[in-house]
$ cat input.cif   # mmCIF, C-alpha atoms and all ligand atoms
data_upload
#
loop_
_atom_site.group_PDB
_atom_site.id
_atom_site.type_symbol
_atom_site.label_atom_id
_atom_site.label_comp_id
_atom_site.auth_asym_id
_atom_site.auth_seq_id
_atom_site.Cartn_x
_atom_site.Cartn_y
_atom_site.Cartn_z
ATOM 1 C CA MET A 1 0.000 0.000 0.000
ATOM 2 C CA PRO A 2 1.536 3.394 -0.955
ATOM 3 C CA THR A 3 2.240 5.703 1.975
ATOM 4 C CA SER A 4 2.456 9.447 1.682
ATOM 5 C CA PRO A 5 5.609 11.161 2.896
ATOM 6 C CA THR A 6 5.058 13.602 5.753
ATOM 7 C CA LEU A 7 6.204 17.193 6.130
ATOM 8 C CA THR A 8 6.905 18.869 9.462
ATOM 9 C CA PHE A 9 5.244 22.118 10.528
ATOM 10 C CA HIS A 10 7.193 24.823 12.326
ATOM 11 C CA ASP A 11 5.136 23.926 15.450
ATOM 12 C CA GLY A 12 6.751 20.465 15.454
ATOM 13 C CA ARG A 13 3.719 18.495 14.259
ATOM 14 C CA SER A 14 3.597 16.807 10.889
ATOM 15 C CA ILE A 15 1.187 16.354 7.986
ATOM 16 C CA PRO A 16 0.935 13.633 5.322
ATOM 17 C CA GLN A 17 1.925 15.478 2.148
ATOM 18 C CA LEU A 18 -0.728 13.855 -0.021
ATOM 19 C CA GLY A 19 -4.224 14.057 1.438
ATOM 20 C CA TYR A 20 -7.784 13.538 0.299
ATOM 21 C CA GLY A 21 -10.203 16.439 -0.363
ATOM 22 C CA VAL A 22 -13.986 16.178 -0.133
ATOM 23 C CA TYR A 23 -15.328 19.445 -1.577
ATOM 24 C CA LYS A 24 -18.804 19.000 -3.147
ATOM 25 C CA VAL A 25 -19.239 15.486 -1.771
ATOM 26 C CA ASP A 26 -22.523 14.742 0.053
ATOM 27 C CA SER A 27 -22.132 13.716 3.673
ATOM 28 C CA ASP A 28 -23.256 10.093 3.167
ATOM 29 C CA VAL A 29 -21.068 9.697 0.120
ATOM 30 C CA ALA A 30 -18.215 11.356 2.043
ATOM 31 C CA ALA A 31 -18.396 8.664 4.740
ATOM 32 C CA ASP A 32 -18.091 5.976 2.083
ATOM 33 C CA VAL A 33 -15.387 7.514 -0.109
ATOM 34 C CA THR A 34 -13.294 8.767 2.825
ATOM 35 C CA GLY A 35 -13.436 5.221 4.198
ATOM 36 C CA GLN A 36 -12.219 3.965 0.822
ATOM 37 C CA ALA A 37 -9.429 6.527 0.861
ATOM 38 C CA PHE A 38 -8.263 5.372 4.304
ATOM 39 C CA ALA A 39 -8.413 1.749 3.139
ATOM 40 C CA ALA A 40 -6.305 2.700 0.102
ATOM 41 C CA GLY A 41 -3.657 4.233 2.382
ATOM 42 C CA TYR A 42 -4.522 7.935 2.729
ATOM 43 C CA ARG A 43 -4.119 9.241 6.266
ATOM 44 C CA HIS A 44 -5.138 12.876 5.732
ATOM 45 C CA VAL A 45 -8.590 14.262 4.906
ATOM 46 C CA ASP A 46 -9.584 17.868 4.168
ATOM 47 C CA THR A 47 -13.135 19.015 4.889
ATOM 48 C CA ALA A 48 -14.820 22.311 5.867
ATOM 49 C CA LYS A 49 -17.990 23.614 7.448
ATOM 50 C CA LEU A 50 -18.951 24.820 3.951
ATOM 51 C CA TYR A 51 -18.814 21.311 2.500
ATOM 52 C CA ASP A 52 -21.635 20.161 4.763
ATOM 53 C CA ASN A 53 -20.079 16.721 5.100
ATOM 54 C CA GLU A 54 -18.215 16.867 8.404
ATOM 55 C CA GLU A 55 -20.590 14.233 9.839
ATOM 56 C CA GLY A 56 -19.716 11.786 7.076
ATOM 57 C CA VAL A 57 -15.990 12.460 7.328
ATOM 58 C CA GLY A 58 -16.103 12.003 11.108
ATOM 59 C CA ARG A 59 -17.972 8.723 10.695
ATOM 60 C CA ALA A 60 -15.260 7.478 8.326
ATOM 61 C CA VAL A 61 -12.573 8.441 10.850
ATOM 62 C CA ARG A 62 -14.343 6.631 13.683
ATOM 63 C CA ASP A 63 -15.199 3.565 11.543
ATOM 64 C CA SER A 64 -11.724 3.268 10.009
ATOM 65 C CA GLY A 65 -10.405 1.116 12.818
ATOM 66 C CA LEU A 66 -7.266 3.267 12.741
ATOM 67 C CA PRO A 67 -5.948 4.941 15.887
ATOM 68 C CA ARG A 68 -7.032 8.599 15.873
ATOM 69 C CA GLN A 69 -3.419 9.778 16.088
ATOM 70 C CA GLU A 70 -2.615 8.057 12.784
ATOM 71 C CA LEU A 71 -5.147 10.211 10.928
ATOM 72 C CA PHE A 72 -4.841 13.874 10.053
ATOM 73 C CA VAL A 73 -8.150 15.759 9.892
ATOM 74 C CA THR A 74 -8.532 19.344 8.687
ATOM 75 C CA THR A 75 -11.627 21.499 8.821
ATOM 76 C CA LYS A 76 -12.199 25.196 8.212
ATOM 77 C CA LEU A 77 -13.907 28.237 9.677
ATOM 78 C CA TRP A 78 -16.605 29.531 7.338
ATOM 79 C CA ASN A 79 -16.945 33.180 6.394
ATOM 80 C CA ASP A 80 -19.939 34.004 8.593
ATOM 81 C CA ALA A 81 -18.049 33.308 11.830
ATOM 82 C CA HIS A 82 -14.976 35.553 11.809
ATOM 83 C CA ARG A 83 -15.839 37.356 15.067
ATOM 84 C CA PHE A 84 -13.807 35.983 17.995
ATOM 85 C CA ASP A 85 -16.631 34.312 19.938
ATOM 86 C CA ASP A 86 -18.346 33.047 16.786
ATOM 87 C CA ALA A 87 -15.094 31.448 15.605
ATOM 88 C CA ILE A 88 -14.663 29.627 18.924
ATOM 89 C CA ALA A 89 -18.282 28.385 18.740
ATOM 90 C CA ALA A 90 -17.852 27.416 15.059
ATOM 91 C CA CYS A 91 -14.882 25.178 15.852
ATOM 92 C CA GLU A 92 -16.797 23.555 18.700
ATOM 93 C CA ALA A 93 -19.737 22.959 16.324
ATOM 94 C CA SER A 94 -17.434 21.422 13.699
ATOM 95 C CA LEU A 95 -16.012 19.044 16.320
ATOM 96 C CA GLU A 96 -19.541 18.130 17.363
ATOM 97 C CA ARG A 97 -20.479 17.305 13.753
ATOM 98 C CA LEU A 98 -17.240 15.389 13.239
ATOM 99 C CA GLY A 99 -17.728 13.522 16.514
ATOM 100 C CA LEU A 100 -14.078 14.190 17.360
ATOM 101 C CA GLU A 101 -12.351 15.735 20.358
ATOM 102 C CA TYR A 102 -9.879 17.660 18.260
ATOM 103 C CA VAL A 103 -8.882 18.332 14.677
ATOM 104 C CA ASP A 104 -5.292 18.276 13.532
ATOM 105 C CA LEU A 105 -5.613 21.505 11.594
ATOM 106 C CA PHE A 106 -8.141 24.339 11.670
ATOM 107 C CA LEU A 107 -8.000 26.928 8.896
ATOM 108 C CA ILE A 108 -9.662 30.281 8.237
ATOM 109 C CA HIS A 109 -11.339 29.429 4.915
ATOM 110 C CA TRP A 110 -11.167 32.921 3.314
ATOM 111 C CA ALA A 111 -9.600 36.148 4.608
ATOM 112 C CA LEU A 112 -12.357 38.411 3.231
ATOM 113 C CA PRO A 113 -10.289 41.606 3.573
ATOM 114 C CA GLN A 114 -13.267 43.948 3.151
ATOM 115 C CA GLN A 115 -15.054 42.386 6.124
ATOM 116 C CA GLY A 116 -12.078 43.381 8.274
ATOM 117 C CA LEU A 117 -12.426 40.479 10.730
ATOM 118 C CA TYR A 118 -9.584 38.159 9.696
ATOM 119 C CA LEU A 119 -7.333 39.309 12.556
ATOM 120 C CA GLU A 120 -10.066 38.635 15.111
ATOM 121 C CA ALA A 121 -10.553 35.218 13.534
ATOM 122 C CA TRP A 122 -6.813 34.508 13.690
ATOM 123 C CA LYS A 123 -6.726 35.424 17.398
ATOM 124 C CA ALA A 124 -9.605 32.982 17.942
ATOM 125 C CA LEU A 125 -7.637 30.224 16.212
ATOM 126 C CA ILE A 126 -4.663 30.928 18.497
ATOM 127 C CA GLU A 127 -7.009 30.488 21.457
ATOM 128 C CA LEU A 128 -8.495 27.287 19.978
ATOM 129 C CA GLN A 129 -5.025 25.804 19.687
ATOM 130 C CA ARG A 130 -4.242 26.838 23.268
ATOM 131 C CA ARG A 131 -7.419 25.048 24.409
ATOM 132 C CA GLY A 132 -6.460 21.893 22.480
ATOM 133 C CA LEU A 133 -9.453 21.867 20.127
ATOM 134 C CA THR A 134 -7.066 21.941 17.190
ATOM 135 C CA ARG A 135 -3.455 20.741 17.161
ATOM 136 C CA SER A 136 -2.247 23.231 14.553
ATOM 137 C CA ILE A 137 -3.599 26.417 12.984
ATOM 138 C CA GLY A 138 -3.351 27.890 9.535
ATOM 139 C CA VAL A 139 -5.119 29.944 6.908
ATOM 140 C CA SER A 140 -6.539 29.597 3.428
ATOM 141 C CA ASN A 141 -7.016 32.093 0.611
ATOM 142 C CA PHE A 142 -5.160 34.996 2.258
ATOM 143 C CA PRO A 143 -3.741 37.750 0.059
ATOM 144 C CA LEU A 144 -0.129 38.531 0.995
ATOM 145 C CA PRO A 145 -0.827 41.820 2.876
ATOM 146 C CA GLN A 146 -3.370 40.147 5.172
ATOM 147 C CA LEU A 147 -1.016 37.216 5.751
ATOM 148 C CA GLU A 148 1.748 39.630 6.739
ATOM 149 C CA GLU A 149 -0.633 41.581 8.969
ATOM 150 C CA ILE A 150 -1.813 38.634 11.095
ATOM 151 C CA ILE A 151 1.791 37.546 11.634
ATOM 152 C CA GLU A 152 2.956 41.035 12.596
ATOM 153 C CA ALA A 153 -0.019 41.651 14.876
ATOM 154 C CA THR A 154 0.168 38.374 16.819
ATOM 155 C CA GLY A 155 3.672 37.024 16.310
ATOM 156 C CA VAL A 156 2.025 33.682 15.498
ATOM 157 C CA VAL A 157 2.860 32.294 12.070
ATOM 158 C CA PRO A 158 0.309 29.973 10.393
ATOM 159 C CA VAL A 159 1.817 26.505 9.906
ATOM 160 C CA ILE A 160 0.280 26.213 6.451
ATOM 161 C CA HIS A 161 -1.480 28.304 3.812
ATOM 162 C CA GLN A 162 -4.023 26.496 1.619
ATOM 163 C CA ILE A 163 -4.362 28.215 -1.765
ATOM 164 C CA GLU A 164 -5.395 27.405 -5.305
ATOM 165 C CA LEU A 165 -2.270 26.000 -6.919
ATOM 166 C CA HIS A 166 -1.546 23.793 -9.934
ATOM 167 C CA PRO A 167 0.843 23.875 -12.891
ATOM 168 C CA TYR A 168 -1.183 26.628 -14.621
ATOM 169 C CA PHE A 169 -1.244 28.773 -11.462
ATOM 170 C CA GLN A 170 1.919 28.377 -9.436
ATOM 171 C CA GLN A 171 1.613 31.214 -6.883
ATOM 172 C CA ARG A 172 5.342 31.976 -6.888
ATOM 173 C CA GLU A 173 5.131 35.189 -4.837
ATOM 174 C CA LEU A 174 3.180 33.580 -2.002
ATOM 175 C CA ARG A 175 5.364 30.465 -2.076
ATOM 176 C CA ALA A 176 8.513 32.579 -1.714
ATOM 177 C CA PHE A 177 6.953 34.334 1.302
ATOM 178 C CA HIS A 178 5.966 30.963 2.793
ATOM 179 C CA ASP A 179 9.523 29.670 2.404
ATOM 180 C CA GLU A 180 10.907 32.709 4.226
ATOM 181 C CA HIS A 181 8.510 32.189 7.137
ATOM 182 C CA ARG A 182 8.550 28.354 7.305
ATOM 183 C CA ILE A 183 4.883 28.185 6.268
ATOM 184 C CA LEU A 184 3.989 25.069 4.273
ATOM 185 C CA THR A 185 2.119 25.613 1.014
ATOM 186 C CA GLN A 186 -0.993 23.500 0.505
ATOM 187 C CA ALA A 187 -2.631 23.238 -2.914
ATOM 188 C CA TRP A 188 -6.363 23.174 -3.356
ATOM 189 C CA GLY A 189 -7.497 22.337 -6.856
ATOM 190 C CA PRO A 190 -4.141 20.556 -7.300
ATOM 191 C CA LEU A 191 -5.446 18.944 -10.514
ATOM 192 C CA GLY A 192 -6.821 22.269 -11.739
ATOM 193 C CA GLN A 193 -10.220 21.034 -10.517
ATOM 194 C CA GLY A 194 -10.106 18.363 -13.217
ATOM 195 C CA ARG A 195 -9.941 20.858 -16.118
ATOM 196 C CA SER A 196 -9.231 18.788 -19.143
ATOM 197 C CA ASP A 197 -6.781 21.196 -20.747
ATOM 198 C CA LEU A 198 -4.381 20.636 -17.821
ATOM 199 C CA LEU A 199 -4.675 16.844 -17.736
ATOM 200 C CA GLU A 200 -4.460 16.768 -21.548
ATOM 201 C CA ASN A 201 -1.585 19.236 -21.745
ATOM 202 C CA GLU A 202 1.063 17.779 -24.050
ATOM 203 C CA THR A 203 3.970 18.297 -21.643
ATOM 204 C CA ILE A 204 2.045 16.500 -18.909
ATOM 205 C CA THR A 205 0.889 13.653 -21.149
ATOM 206 C CA ALA A 206 4.370 13.156 -22.640
ATOM 207 C CA ILE A 207 5.930 12.888 -19.164
ATOM 208 C CA ALA A 208 3.123 10.540 -18.124
ATOM 209 C CA GLN A 209 3.770 8.312 -21.106
ATOM 210 C CA ALA A 210 7.504 8.219 -20.413
ATOM 211 C CA HIS A 211 6.817 6.887 -16.897
ATOM 212 C CA GLY A 212 3.840 4.647 -17.652
ATOM 213 C CA ALA A 213 1.888 6.913 -15.285
ATOM 214 C CA THR A 214 -1.318 8.918 -15.665
ATOM 215 C CA PRO A 215 -1.458 12.712 -16.183
ATOM 216 C CA ALA A 216 -3.049 13.177 -12.733
ATOM 217 C CA GLN A 217 -0.174 11.243 -11.149
ATOM 218 C CA VAL A 218 2.365 13.410 -12.966
ATOM 219 C CA VAL A 219 0.725 16.630 -11.757
ATOM 220 C CA LEU A 220 0.564 15.328 -8.187
ATOM 221 C CA ALA A 221 4.171 14.082 -8.313
ATOM 222 C CA TRP A 222 5.191 17.600 -9.385
ATOM 223 C CA HIS A 223 3.428 19.083 -6.315
ATOM 224 C CA LEU A 224 5.146 16.597 -4.028
ATOM 225 C CA ALA A 225 8.575 17.190 -5.560
ATOM 226 C CA ARG A 226 8.125 20.951 -5.158
ATOM 227 C CA GLY A 227 7.386 20.549 -1.440
ATOM 228 C CA ILE A 228 3.664 21.305 -1.745
ATOM 229 C CA VAL A 229 0.983 19.534 0.290
ATOM 230 C CA ALA A 230 -1.764 18.396 -2.131
ATOM 231 C CA ILE A 231 -5.324 17.252 -1.423
ATOM 232 C CA PRO A 232 -6.803 15.923 -4.676
ATOM 233 C CA LYS A 233 -10.471 15.046 -4.693
ATOM 234 C CA SER A 234 -12.147 12.128 -6.422
ATOM 235 C CA VAL A 235 -15.187 10.015 -5.636
ATOM 236 C CA THR A 236 -14.190 7.402 -8.220
ATOM 237 C CA PRO A 237 -12.604 4.406 -6.444
ATOM 238 C CA SER A 238 -9.981 3.774 -9.128
ATOM 239 C CA ARG A 239 -8.936 7.446 -9.150
ATOM 240 C CA ILE A 240 -8.714 7.560 -5.350
ATOM 241 C CA VAL A 241 -6.125 4.782 -5.624
ATOM 242 C CA GLU A 242 -4.496 6.267 -8.739
ATOM 243 C CA ASN A 243 -3.960 9.648 -7.079
ATOM 244 C CA LEU A 244 -2.237 8.136 -4.041
ATOM 245 C CA GLY A 245 0.004 6.198 -6.444
ATOM 246 C CA SER A 246 1.673 9.527 -7.274
ATOM 247 C CA VAL A 247 3.729 9.211 -4.083
ATOM 248 C CA GLU A 248 5.714 6.463 -5.822
ATOM 249 C CA LEU A 249 6.407 8.467 -8.977
ATOM 250 C CA ARG A 250 9.774 10.291 -9.144
ATOM 251 C CA LEU A 251 10.106 12.856 -11.911
ATOM 252 C CA ALA A 252 13.501 13.960 -13.203
ATOM 253 C CA GLU A 253 14.567 17.567 -12.534
ATOM 254 C CA ASP A 254 14.260 18.464 -16.235
ATOM 255 C CA GLU A 255 10.692 17.119 -16.241
ATOM 256 C CA LEU A 256 9.874 19.177 -13.151
ATOM 257 C CA VAL A 257 11.299 22.266 -14.843
ATOM 258 C CA ARG A 258 9.147 21.646 -17.939
ATOM 259 C CA ILE A 259 6.103 21.609 -15.664
ATOM 260 C CA ASP A 260 7.345 24.761 -13.854
ATOM 261 C CA GLU A 261 7.226 26.421 -17.268
ATOM 262 C CA LEU A 262 3.478 25.793 -17.663
ATOM 263 C CA ASP A 263 2.586 28.653 -15.271
ATOM 264 C CA ARG A 264 0.340 31.109 -17.103
ATOM 265 C CA ALA A 265 -1.539 34.351 -16.582
ATOM 266 C CA ASP A 266 -5.026 32.910 -17.084
ATOM 267 C CA GLY A 267 -4.286 30.011 -14.721
ATOM 268 C CA PRO A 268 -6.645 30.622 -11.768
ATOM 269 C CA ALA A 269 -9.978 28.820 -11.856
ATOM 270 C CA GLY A 270 -11.308 29.917 -8.462
ATOM 271 C CA ARG A 271 -12.231 33.309 -7.106
ATOM 272 C CA ASP A 272 -9.701 35.945 -6.112
ATOM 273 C CA PRO A 273 -8.915 35.925 -2.349
ATOM 274 C CA ALA A 274 -8.714 39.739 -2.428
ATOM 275 C CA ASP A 275 -12.454 39.870 -3.230
ATOM 276 C CA SER A 276 -14.960 40.434 -0.487
ATOM 277 C CA GLY A 277 -16.542 37.066 -1.256
ATOM 278 C CA HIS A 278 -20.184 36.312 -0.714
HETATM 279 P P1 LIG A 301 -9.025 18.972 -7.721
HETATM 280 O O1 LIG A 301 -7.941 19.693 -8.429
HETATM 281 O O2 LIG A 301 -8.668 18.002 -6.657
HETATM 282 O O3 LIG A 301 -9.885 18.295 -8.844
HETATM 283 C C1 LIG A 301 -10.877 17.358 -8.541
HETATM 284 C C2 LIG A 301 -11.510 16.873 -9.846
HETATM 285 O O4 LIG A 301 -10.482 16.366 -10.701
HETATM 286 C C3 LIG A 301 -12.450 15.712 -9.610
HETATM 287 O O5 LIG A 301 -13.736 16.175 -9.326
HETATM 288 C C4 LIG A 301 -12.381 14.981 -10.932
HETATM 289 O O6 LIG A 301 -13.225 15.599 -11.865
HETATM 290 C C5 LIG A 301 -10.955 15.218 -11.369
HETATM 291 N N1 LIG A 301 -10.047 14.101 -11.029
HETATM 292 C C6 LIG A 301 -9.655 13.659 -9.808
HETATM 293 N N2 LIG A 301 -8.764 12.658 -9.917
HETATM 294 C C7 LIG A 301 -8.593 12.440 -11.246
HETATM 295 C C8 LIG A 301 -7.804 11.535 -11.980
HETATM 296 N N3 LIG A 301 -7.020 10.663 -11.384
HETATM 297 N N4 LIG A 301 -7.877 11.603 -13.332
HETATM 298 C C9 LIG A 301 -8.659 12.517 -13.965
HETATM 299 N N5 LIG A 301 -9.434 13.406 -13.321
HETATM 300 C C10 LIG A 301 -9.401 13.375 -11.967
HETATM 301 O O7 LIG A 301 -10.050 20.093 -7.179
HETATM 302 P P2 LIG A 301 -10.856 20.386 -5.848
HETATM 303 O O8 LIG A 301 -11.705 19.256 -5.435
HETATM 304 O O9 LIG A 301 -11.501 21.687 -6.029
HETATM 305 O O10 LIG A 301 -9.699 20.578 -4.769
HETATM 306 C C11 LIG A 301 -9.255 19.533 -3.940
HETATM 307 C C12 LIG A 301 -9.643 19.766 -2.505
HETATM 308 O O11 LIG A 301 -9.173 21.031 -2.063
HETATM 309 C C13 LIG A 301 -11.164 19.871 -2.292
HETATM 310 O O12 LIG A 301 -11.811 18.636 -2.333
HETATM 311 C C14 LIG A 301 -11.196 20.554 -0.967
HETATM 312 O O13 LIG A 301 -10.904 19.639 0.083
HETATM 313 C C15 LIG A 301 -10.077 21.572 -1.116
HETATM 314 N N6 LIG A 301 -10.532 22.893 -1.609
HETATM 315 C C16 LIG A 301 -10.334 23.980 -0.819
HETATM 316 C C17 LIG A 301 -10.719 25.237 -1.246
HETATM 317 C C18 LIG A 301 -10.475 26.417 -0.356
HETATM 318 O O14 LIG A 301 -11.049 27.481 -0.622
HETATM 319 N N7 LIG A 301 -9.669 26.298 0.664
HETATM 320 C C19 LIG A 301 -11.336 25.427 -2.494
HETATM 321 C C20 LIG A 301 -11.530 24.303 -3.299
HETATM 322 C C21 LIG A 301 -11.109 23.054 -2.849
#

$ encode --input "input.cif" --output "structure tokens"
Amino acid sequence: MPTSPTLTFHDGRSIPQLGYGVYKVDSDVAADVTGQAFAAGYRHVDTAKLYDNEEGVGRAVRDSGLPRQELFVTTKLWNDAHRFDDAIAACEASLERLGLEYVDLFLIHWALPQQGLYLEAWKALIELQRRGLTRSIGVSNFPLPQLEEIIEATGVVPVIHQIELHPYFQQRELRAFHDEHRILTQAWGPLGQGRSDLLENETITAIAQAHGATPAQVVLAWHLARGIVAIPKSVTPSRIVENLGSVELRLAEDELVRIDELDRADGPAGRDPADSGH
């Protein structure tokens, strides 16, 4: 069974570098497919209040038969709960839905700069970690100025920043900042959300052919080689297994550089974190 490598956070804890994402998966389906992912060898699952499937994910964790400490569970604070007390209550409610005593990682889902509450939310996450409700704390979808601000204001550096990232959208500026501050970079949409032009890109398919691998495995192997934590989503059993197989694929440096060169201006598929959001 393939096993993901782990990366170590600056707080001393560690995270399996390849995880399993469950965006847009119904709660009942999430219980089933997350269980399949654990059986295939994944040890890291990424959910969120927004996904409305924390119950199913929690059920899979409890039914897996695996010791809790062998699994890494992430959930996220949704945008309507950025005030300090609301953020504390939101984490407690997520744990209740998950049926867990703690999560391994709690993230602010979006900064929402115009709302002006991201710093309050970050202070709440610091408190949640102090209380033991989450082992580690991080952020998602933060523009650079807001990321700098929460660090300067609190002196507490997020262990990880989850952002849209794939070969067409490589987020070099943020990644350089992360490297300077020992923040791990986590890719959402690591497969470009399944957009066919990425998985059919001729550089990707040629490298895949050379290794007898699939395009999705090549893209994921690139993330892993570049030190990025990736959480691909699939509800298709064969793809769940296929995606984890990327941990066994080693690309040559010249192949990695050819993929580095695919970065392009119209790369992003998701919304801009600098927007006010909903
Ligand atoms: P993704 O890049 O993981 O793409 C998933 C899609 O790719 C699948 O629906 C399927 O269509 C296709 N796919 C998966 N495996 C494949 C394979 N082997 N071959 C061909 N096609 C394949 O996109 P995502 O689901 O948006 O992102 C992954 C995870 O990141 C989510 O499930 C969620 O946990 C997280 N996420 C977070 C945010 C955020 O704002 N923080 C936003 C989006 C997603």

$ resolve_selection --input "input.cif" --expression "the PyMOL selection byres (((chain A and resi 230) around 6) and not hetatm)" --output "PyMOL selection string"
chain A and resi 18+186-187+229+231

$ atom_distance --input "input.cif" --atom1 "CA of Asp179 in chain A" --atom2 "CA of Leu144 in chain A"
13.2 Å

$ closest_residue --input "input.cif" --among "A:Leu50, A:Leu224, A:Cys91, A:Leu133" --to "ligand LIG 301 (chain A)" --atoms "only C-alpha atoms and all ligand atoms"
A:Leu50

$ closest_atom_pairs --input "input.cif" --of "chain A" --to "ligand LIG 301 (chain A)" --cutoff "8 Å" --atoms "all atoms listed in the file" --output "tab-separated table"
residue	atom	partner	partner_atom	distance
A:Tyr20	CA	A:LIG301	O13	6.9
A:Gly21	CA	A:LIG301	O13	3.3
A:Val22	CA	A:LIG301	O12	4.0
A:Tyr23	CA	A:LIG301	O12	3.7
A:Lys24	CA	A:LIG301	O12	7.0
A:Val45	CA	A:LIG301	O13	7.6
A:Asp46	CA	A:LIG301	O13	4.6
A:Thr47	CA	A:LIG301	O13	5.3
A:Ala48	CA	A:LIG301	O13	7.5
A:His109	CA	A:LIG301	N7	5.5
A:Trp110	CA	A:LIG301	O14	6.7
A:Ser140	CA	A:LIG301	N7	5.3
A:Asn141	CA	A:LIG301	O14	6.2
A:Gln162	CA	A:LIG301	N7	5.7
A:Ile163	CA	A:LIG301	N7	6.1
A:Glu164	CA	A:LIG301	C19	6.9
A:His166	CA	A:LIG301	O1	7.7
A:Ala187	CA	A:LIG301	O11	7.0
A:Trp188	CA	A:LIG301	O11	3.8
A:Gly189	CA	A:LIG301	O1	3.1
A:Pro190	CA	A:LIG301	O1	4.1
A:Leu191	CA	A:LIG301	O1	3.3
A:Gly192	CA	A:LIG301	O1	4.3
A:Gln193	CA	A:LIG301	O3	3.2
A:Gly194	CA	A:LIG301	O4	3.2
A:Arg195	CA	A:LIG301	O4	7.1
A:Ser196	CA	A:LIG301	N5	7.9
A:Leu199	CA	A:LIG301	C9	7.0
A:Thr214	CA	A:LIG301	N3	7.3
A:Pro215	CA	A:LIG301	N4	7.1
A:Ala216	CA	A:LIG301	N3	4.9
A:Gln217	CA	A:LIG301	N3	6.9
A:Ala230	CA	A:LIG301	C11	7.8
A:Ile231	CA	A:LIG301	C12	5.1
A:Pro232	CA	A:LIG301	O2	3.4
A:Lys233	CA	A:LIG301	O2	4.0
A:Ser234	CA	A:LIG301	C6	4.5
A:Val235	CA	A:LIG301	O5	7.3
A:Thr236	CA	A:LIG301	N2	7.7
A:Ser238	CA	A:LIG301	N3	7.8
A:Arg239	CA	A:LIG301	N3	4.4
A:Ile240	CA	A:LIG301	N2	6.8
A:Glu242	CA	A:LIG301	N3	5.7
A:Asn243	CA	A:LIG301	N3	5.4
A:Gly270	CA	A:LIG301	C19	7.5

$ write_last_selection --input "input.cif" --atoms "C-alpha atoms" --output "mmCIF file, in the frame of the given file"
data_model
loop_
_atom_site.group_PDB
_atom_site.id
_atom_site.type_symbol
_atom_site.label_atom_id
_atom_site.label_comp_id
_atom_site.auth_asym_id
_atom_site.auth_seq_id
_atom_site.Cartn_x
_atom_site.Cartn_y
_atom_site.Cartn_z
ATOM 1 C CA TYR A 20 -7.784 13.538 0.299
ATOM 2 C CA GLY A 21 -10.203 16.439 -0.363
ATOM 3 C CA VAL A 22 -13.986 16.178 -0.133
ATOM 4 C CA TYR A 23 -15.328 19.445 -1.577
ATOM 5 C CA LYS A 24 -18.804 19.000 -3.147
ATOM 6 C CA VAL A 45 -8.590 14.262 4.906
ATOM 7 C CA ASP A 46 -9.584 17.868 4.168
ATOM 8 C CA THR A 47 -13.135 19.015 4.889
ATOM 9 C CA ALA A 48 -14.820 22.311 5.867
ATOM 10 C CA HIS A 109 -11.339 29.429 4.915
ATOM 11 C CA TRP A 110 -11.167 32.921 3.314
ATOM 12 C CA SER A 140 -6.539 29.597 3.428
ATOM 13 C CA ASN A 141 -7.016 32.093 0.611
ATOM 14 C CA GLN A 162 -4.023 26.496 1.619
ATOM 15 C CA ILE A 163 -4.362 28.215 -1.765
ATOM 16 C CA GLU A 164 -5.395 27.405 -5.305
ATOM 17 C CA HIS A 166 -1.546 23.793 -9.934
ATOM 18 C CA ALA A 187 -2.631 23.238 -2.914
ATOM 19 C CA TRP A 188 -6.363 23.174 -3.356
ATOM 20 C CA GLY A 189 -7.497 22.337 -6.856
ATOM 21 C CA PRO A 190 -4.141 20.556 -7.300
ATOM 22 C CA LEU A 191 -5.446 18.944 -10.514
ATOM 23 C CA GLY A 192 -6.821 22.269 -11.739
ATOM 24 C CA GLN A 193 -10.220 21.034 -10.517
ATOM 25 C CA GLY A 194 -10.106 18.363 -13.217
ATOM 26 C CA ARG A 195 -9.941 20.858 -16.118
ATOM 27 C CA SER A 196 -9.231 18.788 -19.143
ATOM 28 C CA LEU A 199 -4.675 16.844 -17.736
ATOM 29 C CA THR A 214 -1.318 8.918 -15.665
ATOM 30 C CA PRO A 215 -1.458 12.712 -16.183
ATOM 31 C CA ALA A 216 -3.049 13.177 -12.733
ATOM 32 C CA GLN A 217 -0.174 11.243 -11.149
ATOM 33 C CA ALA A 230 -1.764 18.396 -2.131
ATOM 34 C CA ILE A 231 -5.324 17.252 -1.423
ATOM 35 C CA PRO A 232 -6.803 15.923 -4.676
ATOM 36 C CA LYS A 233 -10.471 15.046 -4.693
ATOM 37 C CA SER A 234 -12.147 12.128 -6.422
ATOM 38 C CA VAL A 235 -15.187 10.015 -5.636
ATOM 39 C CA THR A 236 -14.190 7.402 -8.220
ATOM 40 C CA SER A 238 -9.981 3.774 -9.128
ATOM 41 C CA ARG A 239 -8.936 7.446 -9.150
ATOM 42 C CA ILE A 240 -8.714 7.560 -5.350
ATOM 43 C CA GLU A 242 -4.496 6.267 -8.739
ATOM 44 C CA ASN A 243 -3.960 9.648 -7.079
ATOM 45 C CA GLY A 270 -11.308 29.917 -8.462
#

$ resolve_selection --input "input.cif" --expression "the PyMOL selection byres (((chain A and resi 246) around 8) and not hetatm)" --output "ChimeraX atom specification"
/A:217-218,220-221,242-245,247-249

$ residues_around --input "input.cif" --residues "Ser136 in chain A" --least-positions-apart "3" --cutoff "8 Å" --atoms "all atoms listed in the file" --output "list in words"
Asp11, Arg13, Asp104, Leu105, Phe106, Gln129 and Val159 of chain A

$ atom_distance --input "input.cif" --atom1 "CA of Arg83 in chain A" --atom2 "CA of Ala274 in chain A"
19.0 Å

$ resolve_selection --input "input.cif" --expression "the PyMOL selection byres (((chain A and resi 36-40) around 9) and not hetatm)" --output "ChimeraX atom specification"
/A:1-2,20,31-35,41-45,60-61,64,66,71,237,240-241,244

$ closest_residue --input "input.cif" --among "A:Val103, A:Val219, A:Ile88, A:Ala176" --to "Leu125 in chain A" --atoms "all atoms listed in the file"
A:Ile88
